[in-house]
Amino acid sequence: MINDILKICMEKGIILDRESFELVNNLGDREVILDFLDKLNKGFREKFITKSFIVRNINKIQEFYYDSERKKVIEKLLFHLGIDIAVEREIKLNDKINEKPAKQEIAGGGFKVIDFPFLPSQKLEVEHFIKHFRNRFDEIKRIIQERAEMEGVISISRIVPRKQSSFIGMVVNKRRTKNKNLLIDFEDPTGKINVLVNKNMQAYSKAEELLLDDIVGVKGNGNGELFFASDIIYPDVFVHEKVYLDREEYALFTSDVHVGSVMFLRNNFERFIRWINGEVGDEKQKEISKKVRHLFIVGDTIDGVGVYPGQENLLEIKDIRDQYKELARYLAMIRDDITIFMIPGQHDSVRVAEPQPPIGVDYAEPIHYLKNVVLLGNPSMVELVNNGRKGIKVLMYHGASMNSVISEIEELRIMKAHQYPARVVKYLLKRRHLAPMHSSVVYIPSDKDLLVIREVPDVMVTGDLHRSSIDSYNGVQIITSSCWQSMTPFEEKVGNIPDTCKVPLMNLKTREVKILDFS
């Protein structure tokens with residue numbers, strides 16, 4: 001076994017010190033060891049692995065095994081680490097954090113992570129963008145082909161003149177003619193075609209909202225040079241049977257805490273925590289708060305440092321590590337039996353490009369020692385398990401793309417959709433993509449487009465726009481989160497009025513959603 005470990009380490013360019021070597025060797029099975037070292041290599045890109053490195057990063061290592069058949073690897077690893085973890089914890093925050101149960105105990109029956117974005121470090125080439133868009137096209141094409149309306153789909157190159165046809169294409173260009181019709185350029189891997197949508201056709205309203213890079217189905221006929229559309233089919237989401245938990249549990253949804261900002265609404269946030277702990281509210285509210293088991297925090301947990309010019313003048317806490325330490329102090333006040341799912345946003349200490357990795361230990365080490373906090377990437381999907389039956393799937397996305405979608409779709413611009421963010425989420429669900437346009441967010445291309453909504457969620461929750469709203473779309477419950485920061489100078493400049501301190505509360509047994517007001 002020793003020779004096997006040495007051989008694996010040489011292949012992966014990893015060096016283990018004596019203590020870490022013993023830890024790895026104690027995992028026993030060769031395949032388990034190979035998998036463990038592979039996860040370390042891809043997850044950290046660290047070449048010199050020590051026992052203290054494993055201890056410091058044990059929370060993130062646990063996250064690698066949330067949706068794995070080899071969860072017992074972590075139990076064995078924790079057993080062999082023994083008292084060393086407790087020694088490390090003694091210097092972290094306060095006694096309450098030290099006493100929190102191990103994360104794997106919380107994860108045992110309450111949830112499982114379905115989708116967790118992971119991108120290996122690599123030098124980006126043009127080929128990565130090509131593979132990225134090809135994968136997006138193939139994934140969404142597969143979804144559209146499942147629609148009953150799209151029977152008999154052919155490629156663009158096989159379209160026969162003057163014959164009814166259906167194809168799936170990506171929008172390359174869109175313009176309005178002098179007769180007020182729409183002329184749209186589509187392409188697929190086989191070719192390009194111009195599509196005319198007459199203003200008097202039923203398809204016109206669907207075509208009006210098309211964005212660049214949208215992938216849709218088109219029905220109609222043409223003459224080889226011009227295709228006349230009779231209908232446009234979006235990939236869309238459909239929940240045919242709503243899922244309810246067997247037990248009465250509640251979930252809370254919030255985001256945009258912005259700890260560290262001078263405009264952070266400290267007193268309101270503390271009152272929210274006291275409500276969770278059953279310390280404020282009437283008897284009925286206290287009964288409900290006892291049944292809260294999940295808290296979703298959907299990005300922008302701190303205000304960050306250097307996010308925009310002049311931000312230092314608006315910071316109460318000017319060090320990003322101290323901001324996370326303060327956030328950890330607040331989260332440590334929350335009852336231990338509540339699992340806190342947390343993803344990053346643009347203000348957090350991760351890359352802005354999507355998909356974003358989980359908030360790391362380098363800047364937010366105190367958060368990693370909170371054992372009921374599950375740090376996930378942006379976006380991520382979690383399933384709240386249901387006693388062996390199908391659970392409730394919650395898709396978390398901070399929402400950076402929503403501003404671009406609002407500016408590009410006339411209906412959203414006119415209605416000032418920044419005030420109604422749940423309406424914007426409908427357009428993302430309809431496209432089965434969280435950032436449909438190439439320019440809507442900064443993103444990292446990969447072999448697999450991780451922003452495609454492959455699996456239809458039961459609940460989709462976003463943040464970013466600082467307003468709480470509730471809606472539903474084809475069976476998907478939409479929840480957008482409020483914020484804990486008063487109006488910033490930028491928001492005042494653009495006329496965006498935040499709706500602060502509102503927290504959606506969902507009864508997972510009845511799916512009823514109410515908004516709690518802590519303003």
# chains A, B, ... in the order shown; residues from 1 in each chain; ligands from 1

call {"tool": "select_by_dssp", "arguments": {"residues": "stretch 195-443 of chain A", "states": "strand (DSSP E or B)", "output": "PyMOL selection string"}}
result
chain A and resi 195-197+215-222+226-233+250-254+259+261+264+292-298+302+315+339-343+354+356+373-375+378+380-386+389-397+433+443

call {"tool": "residues_around", "arguments": {"residues": "A:Phe228", "least_positions_apart": "6", "cutoff": "9 Å", "atoms": "only C-alpha atoms", "output": "PyMOL selection string"}}
result
chain A and resi 194-198+219-222

call {"tool": "closest_residue", "arguments": {"among": "A:Leu182, A:Val218, A:Val292, A:Val373", "to": "A:Ser155", "atoms": "only C-alpha atoms"}}
result
A:Val218

call {"tool": "residues_around", "arguments": {"residues": "A:Phe21", "least_positions_apart": "5", "cutoff": "10 Å", "atoms": "only C-alpha atoms", "output": "list in words"}}
result
Ile2, Ile5, Leu6, Ile15, Leu16, Asn26, Ile49, Thr50 and Lys51 of chain A

call {"tool": "write_last_selection", "arguments": {"atoms": "N, CA and C atoms", "output": "mmCIF file, in the first residue's frame"}}
result
data_model
loop_
_atom_site.group_PDB
_atom_site.id
_atom_site.type_symbol
_atom_site.label_atom_id
_atom_site.label_comp_id
_atom_site.auth_asym_id
_atom_site.auth_seq_id
_atom_site.Cartn_x
_atom_site.Cartn_y
_atom_site.Cartn_z
ATOM 1 N N ILE A 2 1.989 1.202 0.772
ATOM 2 C CA ILE A 2 2.872 2.373 0.852
ATOM 3 C C ILE A 2 3.409 2.722 -0.530
ATOM 4 N N ILE A 5 0.708 4.411 -2.630
ATOM 5 C CA ILE A 5 0.495 5.826 -2.273
ATOM 6 C C ILE A 5 1.602 6.687 -2.868
ATOM 7 N N LEU A 6 2.833 6.221 -2.747
ATOM 8 C CA LEU A 6 3.959 6.979 -3.295
ATOM 9 C C LEU A 6 3.823 7.131 -4.806
ATOM 10 N N ILE A 15 3.244 16.012 -2.595
ATOM 11 C CA ILE A 15 4.182 15.579 -1.562
ATOM 12 C C ILE A 15 3.432 15.547 -0.231
ATOM 13 N N LEU A 16 3.498 14.411 0.480
ATOM 14 C CA LEU A 16 2.869 14.279 1.794
ATOM 15 C C LEU A 16 3.944 14.266 2.874
ATOM 16 N N ASN A 26 -4.222 5.376 6.444
ATOM 17 C CA ASN A 26 -5.274 4.827 7.306
ATOM 18 C C ASN A 26 -6.632 4.740 6.610
ATOM 19 N N ILE A 49 1.196 18.656 1.040
ATOM 20 C CA ILE A 49 0.074 18.422 1.936
ATOM 21 C C ILE A 49 0.590 18.017 3.316
ATOM 22 N N THR A 50 0.211 18.805 4.314
ATOM 23 C CA THR A 50 0.570 18.487 5.694
ATOM 24 C C THR A 50 -0.694 18.151 6.471
ATOM 25 N N LYS A 51 -0.521 17.597 7.665
ATOM 26 C CA LYS A 51 -1.668 17.285 8.509
ATOM 27 C C LYS A 51 -2.403 18.560 8.906
#

call {"tool": "closest_residue", "arguments": {"among": "A:Arg467, A:Arg158, A:Lys291, A:Lys131", "to": "A:Leu508", "atoms": "only C-alpha atoms"}}
result
A:Lys291

call {"tool": "residues_around", "arguments": {"residues": "stretch 417-426 of chain A", "least_positions_apart": "5", "cutoff": "10 Å", "atoms": "only C-alpha atoms", "output": "NGL selection string"}}
result
:A and (236-237 or 399 or 401-403 or 405-407 or 409 or 411-412 or 431-432 or 434 or 460-474 or 476-481 or 495-499)

call {"tool": "residues_around", "arguments": {"residues": "stretch 174-181 of chain A", "least_positions_apart": "3", "cutoff": "10 Å", "atoms": "only C-alpha atoms", "output": "list in words"}}
result
Val171, Ile184, Asp185, Phe186, Asn194, Val195, Leu196, Val197, Asn198, Lys199, Asn200, Met201, Tyr204, Ala207, Glu208, Leu210, Leu211 and Leu212 of chain A

call {"tool": "residues_around", "arguments": {"residues": "A:Glu270", "least_positions_apart": "5", "cutoff": "12 Å", "atoms": "only C-alpha atoms", "output": "mmCIF file with all heavy atoms, in the first residue's frame"}}
result
data_model
loop_
_atom_site.group_PDB
_atom_site.id
_atom_site.type_symbol
_atom_site.label_atom_id
_atom_site.label_comp_id
_atom_site.auth_asym_id
_atom_site.auth_seq_id
_atom_site.Cartn_x
_atom_site.Cartn_y
_atom_site.Cartn_z
ATOM 1 N N VAL A 257 -26.329 40.711 3.015
ATOM 2 C CA VAL A 257 -26.195 41.161 4.408
ATOM 3 C C VAL A 257 -25.274 42.376 4.477
ATOM 4 O O VAL A 257 -25.503 43.326 5.227
ATOM 5 C CB VAL A 257 -25.668 40.010 5.293
ATOM 6 C CG1 VAL A 257 -25.665 40.434 6.756
ATOM 7 C CG2 VAL A 257 -26.530 38.753 5.117
ATOM 8 N N VAL A 259 -22.245 42.868 5.723
ATOM 9 C CA VAL A 259 -21.541 43.149 6.965
ATOM 10 C C VAL A 259 -20.251 43.914 6.646
ATOM 11 O O VAL A 259 -19.527 43.565 5.718
ATOM 12 C CB VAL A 259 -21.210 41.837 7.712
ATOM 13 C CG1 VAL A 259 -20.267 42.096 8.877
ATOM 14 C CG2 VAL A 259 -22.491 41.177 8.201
ATOM 15 N N PHE A 264 -24.823 48.961 7.037
ATOM 16 C CA PHE A 264 -25.318 47.671 7.510
ATOM 17 C C PHE A 264 -26.315 47.905 8.642
ATOM 18 O O PHE A 264 -26.023 48.595 9.619
ATOM 19 C CB PHE A 264 -24.149 46.809 7.997
ATOM 20 C CG PHE A 264 -24.551 45.559 8.724
ATOM 21 C CD1 PHE A 264 -25.480 44.687 8.187
ATOM 22 C CD2 PHE A 264 -23.981 45.244 9.958
ATOM 23 C CE1 PHE A 264 -25.851 43.520 8.861
ATOM 24 C CE2 PHE A 264 -24.336 44.086 10.633
ATOM 25 C CZ PHE A 264 -25.278 43.231 10.086
ATOM 26 N N LEU A 265 -27.502 47.320 8.505
ATOM 27 C CA LEU A 265 -28.580 47.531 9.480
ATOM 28 C C LEU A 265 -28.435 46.524 10.615
ATOM 29 O O LEU A 265 -29.157 45.531 10.719
ATOM 30 C CB LEU A 265 -29.933 47.409 8.776
ATOM 31 C CG LEU A 265 -30.150 48.451 7.656
ATOM 32 C CD1 LEU A 265 -31.393 48.119 6.833
ATOM 33 C CD2 LEU A 265 -30.251 49.856 8.237
ATOM 34 N N TRP A 275 -35.325 36.537 16.575
ATOM 35 C CA TRP A 275 -36.585 35.896 16.181
ATOM 36 C C TRP A 275 -36.348 34.421 15.867
ATOM 37 O O TRP A 275 -37.123 33.558 16.283
ATOM 38 C CB TRP A 275 -37.178 36.601 14.955
ATOM 39 C CG TRP A 275 -38.527 36.055 14.583
ATOM 40 C CD1 TRP A 275 -39.737 36.482 15.025
ATOM 41 C CD2 TRP A 275 -38.784 34.931 13.718
ATOM 42 N NE1 TRP A 275 -40.753 35.704 14.494
ATOM 43 C CE2 TRP A 275 -40.190 34.740 13.687
ATOM 44 C CE3 TRP A 275 -37.992 34.073 12.986
ATOM 45 C CZ2 TRP A 275 -40.794 33.740 12.941
ATOM 46 C CZ3 TRP A 275 -38.586 33.060 12.236
ATOM 47 C CH2 TRP A 275 -39.974 32.895 12.220
ATOM 48 N N ILE A 276 -35.284 34.129 15.124
ATOM 49 C CA ILE A 276 -34.953 32.729 14.805
ATOM 50 C C ILE A 276 -34.809 31.909 16.086
ATOM 51 O O ILE A 276 -35.258 30.769 16.166
ATOM 52 C CB ILE A 276 -33.642 32.653 13.986
ATOM 53 C CG1 ILE A 276 -33.828 33.287 12.608
ATOM 54 C CG2 ILE A 276 -33.185 31.206 13.836
ATOM 55 C CD1 ILE A 276 -32.552 33.353 11.800
ATOM 56 N N ASN A 277 -34.184 32.503 17.089
ATOM 57 C CA ASN A 277 -33.929 31.799 18.346
ATOM 58 C C ASN A 277 -35.125 31.793 19.286
ATOM 59 O O ASN A 277 -35.037 31.304 20.417
ATOM 60 C CB ASN A 277 -32.718 32.412 19.044
ATOM 61 C CG ASN A 277 -31.433 32.191 18.262
ATOM 62 O OD1 ASN A 277 -31.321 31.222 17.503
ATOM 63 N ND2 ASN A 277 -30.466 33.071 18.437
ATOM 64 N N GLU A 279 -36.671 34.382 20.680
ATOM 65 C CA GLU A 279 -36.551 35.349 21.769
ATOM 66 C C GLU A 279 -37.475 36.548 21.605
ATOM 67 O O GLU A 279 -37.708 37.294 22.556
ATOM 68 C CB GLU A 279 -35.094 35.834 21.877
ATOM 69 C CG GLU A 279 -34.114 34.714 22.213
ATOM 70 C CD GLU A 279 -32.665 35.140 22.033
ATOM 71 O OE1 GLU A 279 -32.438 36.345 21.795
ATOM 72 O OE2 GLU A 279 -31.779 34.273 22.130
ATOM 73 N N VAL A 280 -37.994 36.772 20.385
ATOM 74 C CA VAL A 280 -38.932 37.867 20.148
ATOM 75 C C VAL A 280 -40.103 37.340 19.328
ATOM 76 O O VAL A 280 -40.029 36.278 18.718
ATOM 77 C CB VAL A 280 -38.268 39.056 19.401
ATOM 78 C CG1 VAL A 280 -37.161 39.674 20.230
ATOM 79 C CG2 VAL A 280 -37.735 38.616 18.034
ATOM 80 N N LEU A 327 -19.232 38.578 10.609
ATOM 81 C CA LEU A 327 -20.340 37.769 10.103
ATOM 82 C C LEU A 327 -20.409 36.444 10.861
ATOM 83 O O LEU A 327 -21.502 35.987 11.238
ATOM 84 C CB LEU A 327 -20.167 37.511 8.605
ATOM 85 C CG LEU A 327 -21.196 36.573 7.962
ATOM 86 C CD1 LEU A 327 -22.600 37.167 8.029
ATOM 87 C CD2 LEU A 327 -20.815 36.262 6.510
ATOM 88 N N ARG A 329 -19.501 35.881 13.845
ATOM 89 C CA ARG A 329 -20.022 36.151 15.194
ATOM 90 C C ARG A 329 -21.549 36.148 15.174
ATOM 91 O O ARG A 329 -22.190 35.596 16.081
ATOM 92 C CB ARG A 329 -19.490 37.500 15.700
ATOM 93 C CG ARG A 329 -19.822 37.787 17.156
ATOM 94 C CD ARG A 329 -19.218 39.109 17.593
ATOM 95 N NE ARG A 329 -19.882 40.243 16.972
ATOM 96 C CZ ARG A 329 -21.037 40.766 17.403
ATOM 97 N NH1 ARG A 329 -21.652 40.244 18.449
ATOM 98 N NH2 ARG A 329 -21.574 41.808 16.793
ATOM 99 N N TYR A 330 -22.133 36.745 14.145
ATOM 100 C CA TYR A 330 -23.592 36.760 14.040
ATOM 101 C C TYR A 330 -24.139 35.355 13.780
ATOM 102 O O TYR A 330 -25.109 34.925 14.415
ATOM 103 C CB TYR A 330 -24.031 37.698 12.916
ATOM 104 C CG TYR A 330 -24.008 39.159 13.300
ATOM 105 C CD1 TYR A 330 -23.147 40.054 12.661
ATOM 106 C CD2 TYR A 330 -24.839 39.653 14.298
ATOM 107 C CE1 TYR A 330 -23.119 41.388 13.014
ATOM 108 C CE2 TYR A 330 -24.812 40.989 14.654
ATOM 109 C CZ TYR A 330 -23.954 41.861 14.010
ATOM 110 O OH TYR A 330 -23.931 43.173 14.377
ATOM 111 N N LEU A 331 -23.532 34.640 12.839
ATOM 112 C CA LEU A 331 -24.038 33.314 12.488
ATOM 113 C C LEU A 331 -23.904 32.340 13.650
ATOM 114 O O LEU A 331 -24.710 31.413 13.792
ATOM 115 C CB LEU A 331 -23.306 32.775 11.257
ATOM 116 C CG LEU A 331 -23.469 33.589 9.967
ATOM 117 C CD1 LEU A 331 -22.737 32.908 8.819
ATOM 118 C CD2 LEU A 331 -24.928 33.808 9.619
ATOM 119 N N ALA A 332 -22.880 32.567 14.499
ATOM 120 C CA ALA A 332 -22.696 31.699 15.662
ATOM 121 C C ALA A 332 -23.806 31.870 16.685
ATOM 122 O O ALA A 332 -24.005 31.007 17.545
ATOM 123 C CB ALA A 332 -21.347 31.989 16.315
ATOM 124 N N MET A 333 -24.536 32.987 16.606
ATOM 125 C CA MET A 333 -25.655 33.207 17.529
ATOM 126 C C MET A 333 -26.868 32.356 17.170
ATOM 127 O O MET A 333 -27.762 32.152 17.984
ATOM 128 C CB MET A 333 -26.077 34.686 17.493
ATOM 129 C CG MET A 333 -25.032 35.676 17.939
ATOM 130 S SD MET A 333 -25.674 37.366 17.731
ATOM 131 C CE MET A 333 -24.210 38.345 18.141
ATOM 132 N N ILE A 334 -26.929 31.880 15.932
ATOM 133 C CA ILE A 334 -28.108 31.157 15.450
ATOM 134 C C ILE A 334 -28.117 29.732 16.002
ATOM 135 O O ILE A 334 -27.072 29.090 16.114
ATOM 136 C CB ILE A 334 -28.128 31.149 13.907
ATOM 137 C CG1 ILE A 334 -28.293 32.590 13.386
ATOM 138 C CG2 ILE A 334 -29.231 30.250 13.369
ATOM 139 C CD1 ILE A 334 -28.168 32.728 11.890
ATOM 140 N N TRP A 484 -29.881 43.762 3.995
ATOM 141 C CA TRP A 484 -29.694 44.314 5.344
ATOM 142 C C TRP A 484 -28.788 45.537 5.278
ATOM 143 O O TRP A 484 -27.959 45.771 6.138
ATOM 144 C CB TRP A 484 -29.121 43.242 6.265
ATOM 145 C CG TRP A 484 -30.009 42.052 6.356
ATOM 146 C CD1 TRP A 484 -29.962 40.922 5.595
ATOM 147 C CD2 TRP A 484 -31.125 41.883 7.235
ATOM 148 N NE1 TRP A 484 -30.956 40.053 5.942
ATOM 149 C CE2 TRP A 484 -31.690 40.609 6.959
ATOM 150 C CE3 TRP A 484 -31.692 42.665 8.247
ATOM 151 C CZ2 TRP A 484 -32.793 40.115 7.640
ATOM 152 C CZ3 TRP A 484 -32.786 42.162 8.930
ATOM 153 C CH2 TRP A 484 -33.330 40.921 8.630
ATOM 154 N N CYS A 501 -34.679 44.404 4.983
ATOM 155 C CA CYS A 501 -35.028 43.622 6.181
ATOM 156 C C CYS A 501 -36.293 42.778 6.038
ATOM 157 O O CYS A 501 -36.978 42.507 7.024
ATOM 158 C CB CYS A 501 -35.169 44.537 7.399
ATOM 159 S SG CYS A 501 -33.793 45.676 7.637
ATOM 160 N N PHE A 518 -38.597 42.838 9.311
ATOM 161 C CA PHE A 518 -37.768 43.247 10.445
ATOM 162 C C PHE A 518 -37.273 44.683 10.297
ATOM 163 O O PHE A 518 -36.310 45.086 10.931
ATOM 164 C CB PHE A 518 -36.579 42.290 10.595
ATOM 165 C CG PHE A 518 -36.981 40.890 10.948
ATOM 166 C CD1 PHE A 518 -37.190 39.943 9.961
ATOM 167 C CD2 PHE A 518 -37.189 40.523 12.268
ATOM 168 C CE1 PHE A 518 -37.586 38.642 10.276
ATOM 169 C CE2 PHE A 518 -37.586 39.239 12.596
ATOM 170 C CZ PHE A 518 -37.780 38.298 11.593
ATOM 171 N N SER A 519 -37.948 45.442 9.438
ATOM 172 C CA SER A 519 -37.512 46.829 9.224
ATOM 173 C C SER A 519 -38.021 47.755 10.319
ATOM 174 O O SER A 519 -37.598 48.883 10.410
ATOM 175 C CB SER A 519 -38.006 47.333 7.859
ATOM 176 O OG SER A 519 -39.414 47.320 7.800
#

call {"tool": "residues_around", "arguments": {"residues": "A:Pro161", "least_positions_apart": "6", "cutoff": "10 Å", "atoms": "only C-alpha atoms", "output": "JSON, numbers by chain"}}
result
{"A": [221, 222, 223, 224, 225, 226, 227]}

call {"tool": "closest_residue", "arguments": {"among": "A:Gly152, A:Leu27, A:Lys286, A:Val262", "to": "A:Met487", "atoms": "only C-alpha atoms"}}
result
A:Val262

call {"tool": "closest_residue", "arguments": {"among": "A:Arg335, A:His433, A:Lys514, A:Arg45", "to": "A:Pro379", "atoms": "only C-alpha atoms"}}
result
A:His433

call {"tool": "closest_residue", "arguments": {"among": "A:Ala435, A:Val452, A:Met170, A:Ile338", "to": "A:His398", "atoms": "only C-alpha atoms"}}
result
A:Ala435
